[in-house]
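First comes the structure, then the notes that go with it.
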Amino acid sequence: MRKSRLGTVVLGVALLATACGSGGDEGGSAQSGGLPATVKIGVPLDVSGAAGIAGVGTSERDGVRLAAKEINDTGFLGGSKIELVEIDTKADKQEAVQAVLKLASDQVDAVVGFTLTPSFLAAGPQLQQNGIPTVAVGLSSGGVTEVGDYMFRLYPDMANVMPQADKEFATAFSGLKSAAYLYQSDSEAAKNVIGKRQQALEGAGIQTLGVETFVGTDTDVRAQLTKLKQLNPDVLVTMPLPGMMSTIYLQLDEIGFDKPVFMAPDVSDATMEQSGKAMQCFVYVTAWNGQSSEGNNTHFLDYWRQNGAQRSATVFEAAGYASLWSMAHAFKNAGSNDKKAVRDALAALNGVDTPFGKIGFTQNRAADVKGTKLQIVDSKITLFDAQTAPGCKR
């Protein structure tokens with residue numbers, strides 16, 4: 001029953017358009033008759049280099065490939081097929097610049113890619129100069145769309161998502177009057193995000209009692225945590241990068257902190273294995289989660305299981321898949337591969353079903369992803385429920 005509602009490959013293009021976001025046609029109704037037989041999409045991603053980065057880039061690439069297979073197999077673009085021009089940018093800014101120059105020389109119709117913000121910021125101006133419509137796949141920092149009006153982003157700037165979620169968490173945990181903050185000071189992104197989260201909660205009437213910091217090489221943060229505990233805040237707001245999460249949350253448990261914790265996003269399986277019990281009742285927001293049924297996430301997960309790599313999908317596969325599908329909708333709506341027409345069609349997309357929910361692009365060309373609110377309960381990640389979450393016991 002679920003697949004008949006979403007539309008699968010075997011049911012054909014008409015139903016698939018519903019599954020993959022025919023709502024995007026609200027941005028334009030032109031058909032794909034003017035498209036060339038092959039639409040060339042450049043895909044610059046980090047699939048080698050540092051192990052952690054290469055794993056992310058490989059996952060993003062596999063999500064893009066999955067979308068290309070589905071788009072082509074179902075004839076979403078009529079008689080046109082998507083051809084991916086993949087380039088490994090090796091987690092290196094110069095490699096990214098050279099990749100973009102090659103893609104421009106190859107006269108690609110658009111670009112879907114980039115794993116690291118510094119690489120994008122080095123290479124993006126060349127894409128803008130050549131007027132190549134670009135969707136950045138997995139960049140979570142700011143500055144992406146500021147490069148120019150041909151630049152779009154799928155993954156949200158979490159500095160805009162997390163403060164709103166914190167206010168919603170605070171409403172659910174009624175009676176919060178004070179907060180303390182802990183963040184990783186050697187990360188500009190963490191520093192920026194914690195400032196916006198603090199500003200949002202102060203705007204909601206929650207007083208700041210104290211702020212402490214640490215760096216990514218620290219192995220003992222008990223002193224900072226103890227200082228914050230002694231201030232007796234009603235909630236602790238944290239911003240460690242993924243590699244420091246287990247250290248922070250295990251030591252927070254050791255000192256006996258038992259108040260609500262609004263934590264950082266992107267909790268990995270490794271973090272759950274190491275410190276899941278210590279994170280009991282913690283809440284956070286993430287751009288994507290496999291438990292969400294928003295948009296066409298259920299369809300994406302089913303299609304990934306049937307056609308993707310033999311591993312569980314993550315936010316990175318979802319981002320690659322959603323990015324290329326968004327670009328495909330733009331080409332369909334533009335009805336040609338004219339770059340300005342495709343750029344305008346991207347900007348006009350609205351209500352496109354993706355694994356991140358129904359999305360369009362805001363005035364600054366960022367996908368309006370609202371994120372999924374989650375809570376840790378009995379060492380498991382669960383969907384946040386504003387009615388029952390405050391009753392969670394540690």
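Chains: A, B, ... in order of the structure tokens. Residues: from 1 per chain. Ligands: from 1, in order shown.
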**OP:** Once DSSP has gone over the backbone, tell me which residues of region 140-338 of chain A are in alpha helix (DSSP H), as JSON, numbers by chain.
**Re:** {"A": [158, 159, 160, 161, 162, 163, 164, 165, 166, 167, 168, 169, 170, 171, 172, 188, 189, 190, 191, 192, 193, 194, 195, 196, 197, 198, 199, 200, 201, 202, 203, 222, 223, 224, 225, 226, 227, 228, 229, 230, 245, 246, 247, 248, 249, 250, 251, 252, 253, 254, 269, 270, 271, 272, 273, 274, 275, 297, 298, 299, 300, 301, 302, 303, 304, 305, 306, 307, 315, 316, 317, 318, 319, 320, 321, 322, 323, 324, 325, 326, 327, 328, 329, 330, 331, 332, 333, 334]}
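Within 9 Å of Asp186 (chain A), once only C-alpha atoms are used and residues closer than 4 positions along the same chain are dropped, the contacting residues are Ala190, Lys191, Phe214, Val215 and Gly216 of chain A.
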Subject >> Contact residues around Asn72 (chain A) with only C-alpha atoms at 12 Å, ignoring same-chain residues under 3 positions, as a PyMOL selection string >> reply: chain A and resi 9+12-13+16+37-39+65-69+75-84+324-325+328
**OP:** Just give me the gap between CA of Gln310 (chain A) and CA of Val267 (chain A) in Å, one decimal is fine.
**Re:** 21.2 Å
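Of the residues under consideration (A:Val47, A:Met158, A:Ala122, A:Leu35), A:Val47 shows the shortest atom-to-atom contact distance to Ala91 (chain A) when counting only C-alpha atoms.
Picture a line from CA of Pro260 (chain A) to CA of Val235 (chain A); it runs 5.0 Å.
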Per residue of region 210-295 of chain A within 12 Å of region 162-184 of chain A, what are the shortest atom pair and its distance in Å to one decimal, counting only C-alpha atoms, with rows by chain and residue number, as a Markdown table?
```
| residue | atom | partner | partner_atom | distance |
| --- | --- | --- | --- | --- |
| A:Gly210 | CA | A:Ala180 | CA | 5.0 |
| A:Val211 | CA | A:Tyr181 | CA | 4.6 |
| A:Glu212 | CA | A:Leu182 | CA | 4.9 |
| A:Thr213 | CA | A:Tyr183 | CA | 5.1 |
| A:Phe214 | CA | A:Gln184 | CA | 5.1 |
| A:Val215 | CA | A:Gln184 | CA | 5.3 |
| A:Gly216 | CA | A:Gln184 | CA | 6.8 |
| A:Thr217 | CA | A:Gln184 | CA | 10.1 |
| A:Asp218 | CA | A:Gln184 | CA | 9.9 |
| A:Val221 | CA | A:Leu182 | CA | 10.1 |
| A:Arg222 | CA | A:Leu182 | CA | 11.7 |
| A:Ala223 | CA | A:Leu182 | CA | 11.8 |
| A:Gln224 | CA | A:Leu182 | CA | 8.2 |
| A:Leu225 | CA | A:Leu182 | CA | 8.0 |
| A:Thr226 | CA | A:Leu182 | CA | 11.4 |
| A:Lys227 | CA | A:Ala180 | CA | 9.9 |
| A:Leu228 | CA | A:Ala180 | CA | 6.4 |
| A:Lys229 | CA | A:Ala180 | CA | 8.5 |
| A:Gln230 | CA | A:Ala180 | CA | 10.4 |
| A:Leu231 | CA | A:Ala180 | CA | 8.0 |
| A:Asn232 | CA | A:Ser178 | CA | 8.5 |
| A:Pro233 | CA | A:Ala179 | CA | 4.9 |
| A:Asp234 | CA | A:Ser178 | CA | 5.2 |
| A:Val235 | CA | A:Ala179 | CA | 4.9 |
| A:Leu236 | CA | A:Ala180 | CA | 5.0 |
| A:Val237 | CA | A:Tyr181 | CA | 4.8 |
| A:Thr238 | CA | A:Leu182 | CA | 4.8 |
| A:Met239 | CA | A:Tyr183 | CA | 4.4 |
| A:Pro240 | CA | A:Gln184 | CA | 5.2 |
| A:Leu241 | CA | A:Gln184 | CA | 7.0 |
| A:Pro242 | CA | A:Gln184 | CA | 10.6 |
| A:Gly243 | CA | A:Gln184 | CA | 10.8 |
| A:Met244 | CA | A:Gln184 | CA | 8.6 |
| A:Met245 | CA | A:Gln184 | CA | 10.3 |
| A:Ile248 | CA | A:Leu182 | CA | 9.5 |
| A:Tyr249 | CA | A:Leu182 | CA | 11.3 |
| A:Leu252 | CA | A:Leu182 | CA | 11.1 |
| A:Lys259 | CA | A:Ala179 | CA | 10.2 |
| A:Pro260 | CA | A:Phe173 | CA | 8.3 |
| A:Val261 | CA | A:Ala179 | CA | 9.7 |
| A:Phe262 | CA | A:Asp166 | CA | 7.1 |
| A:Met263 | CA | A:Asp166 | CA | 9.5 |
| A:Ala264 | CA | A:Met162 | CA | 8.6 |
| A:Pro265 | CA | A:Met162 | CA | 8.6 |
| A:Asp266 | CA | A:Met162 | CA | 11.9 |
| A:Cys281 | CA | A:Phe173 | CA | 11.6 |
| A:Phe282 | CA | A:Phe169 | CA | 10.6 |
| A:Val283 | CA | A:Phe169 | CA | 7.8 |
| A:Tyr284 | CA | A:Ala165 | CA | 7.8 |
| A:Val285 | CA | A:Met162 | CA | 6.4 |
| A:Thr286 | CA | A:Met162 | CA | 8.2 |
| A:Ala287 | CA | A:Met162 | CA | 9.5 |
```
Subject >> Computed interatomic separation between CA of Gln387 (chain A) and CA of Val161 (chain A) (Å) >> reply: 21.3 Å
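By only C-alpha atoms, and with residues fewer than 4 positions from Val377 (chain A) along its chain excluded, the set lying at most 7 Å from it is Gln280, Cys281, Ile381 and Thr382 of chain A.
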Original post:
Which one of A:Val144, A:Val43, A:Ile194, A:Ala348 sits closest to Pro156 (chain A) if you count only C-alpha atoms?
Top reply: A:Val144
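Candidate residues A:Leu127, A:Val56, A:Pro133, A:Lys102 were compared for distance to Asn337 (chain A), and the nearest is A:Pro133, using only C-alpha atoms.
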**OP:** Could you tell me which of A:Gly357, A:Gly256, A:Gly276, A:Pro36 comes closest to Gly295 (chain A) if we count only C-alpha atoms?
**Re:** A:Gly357
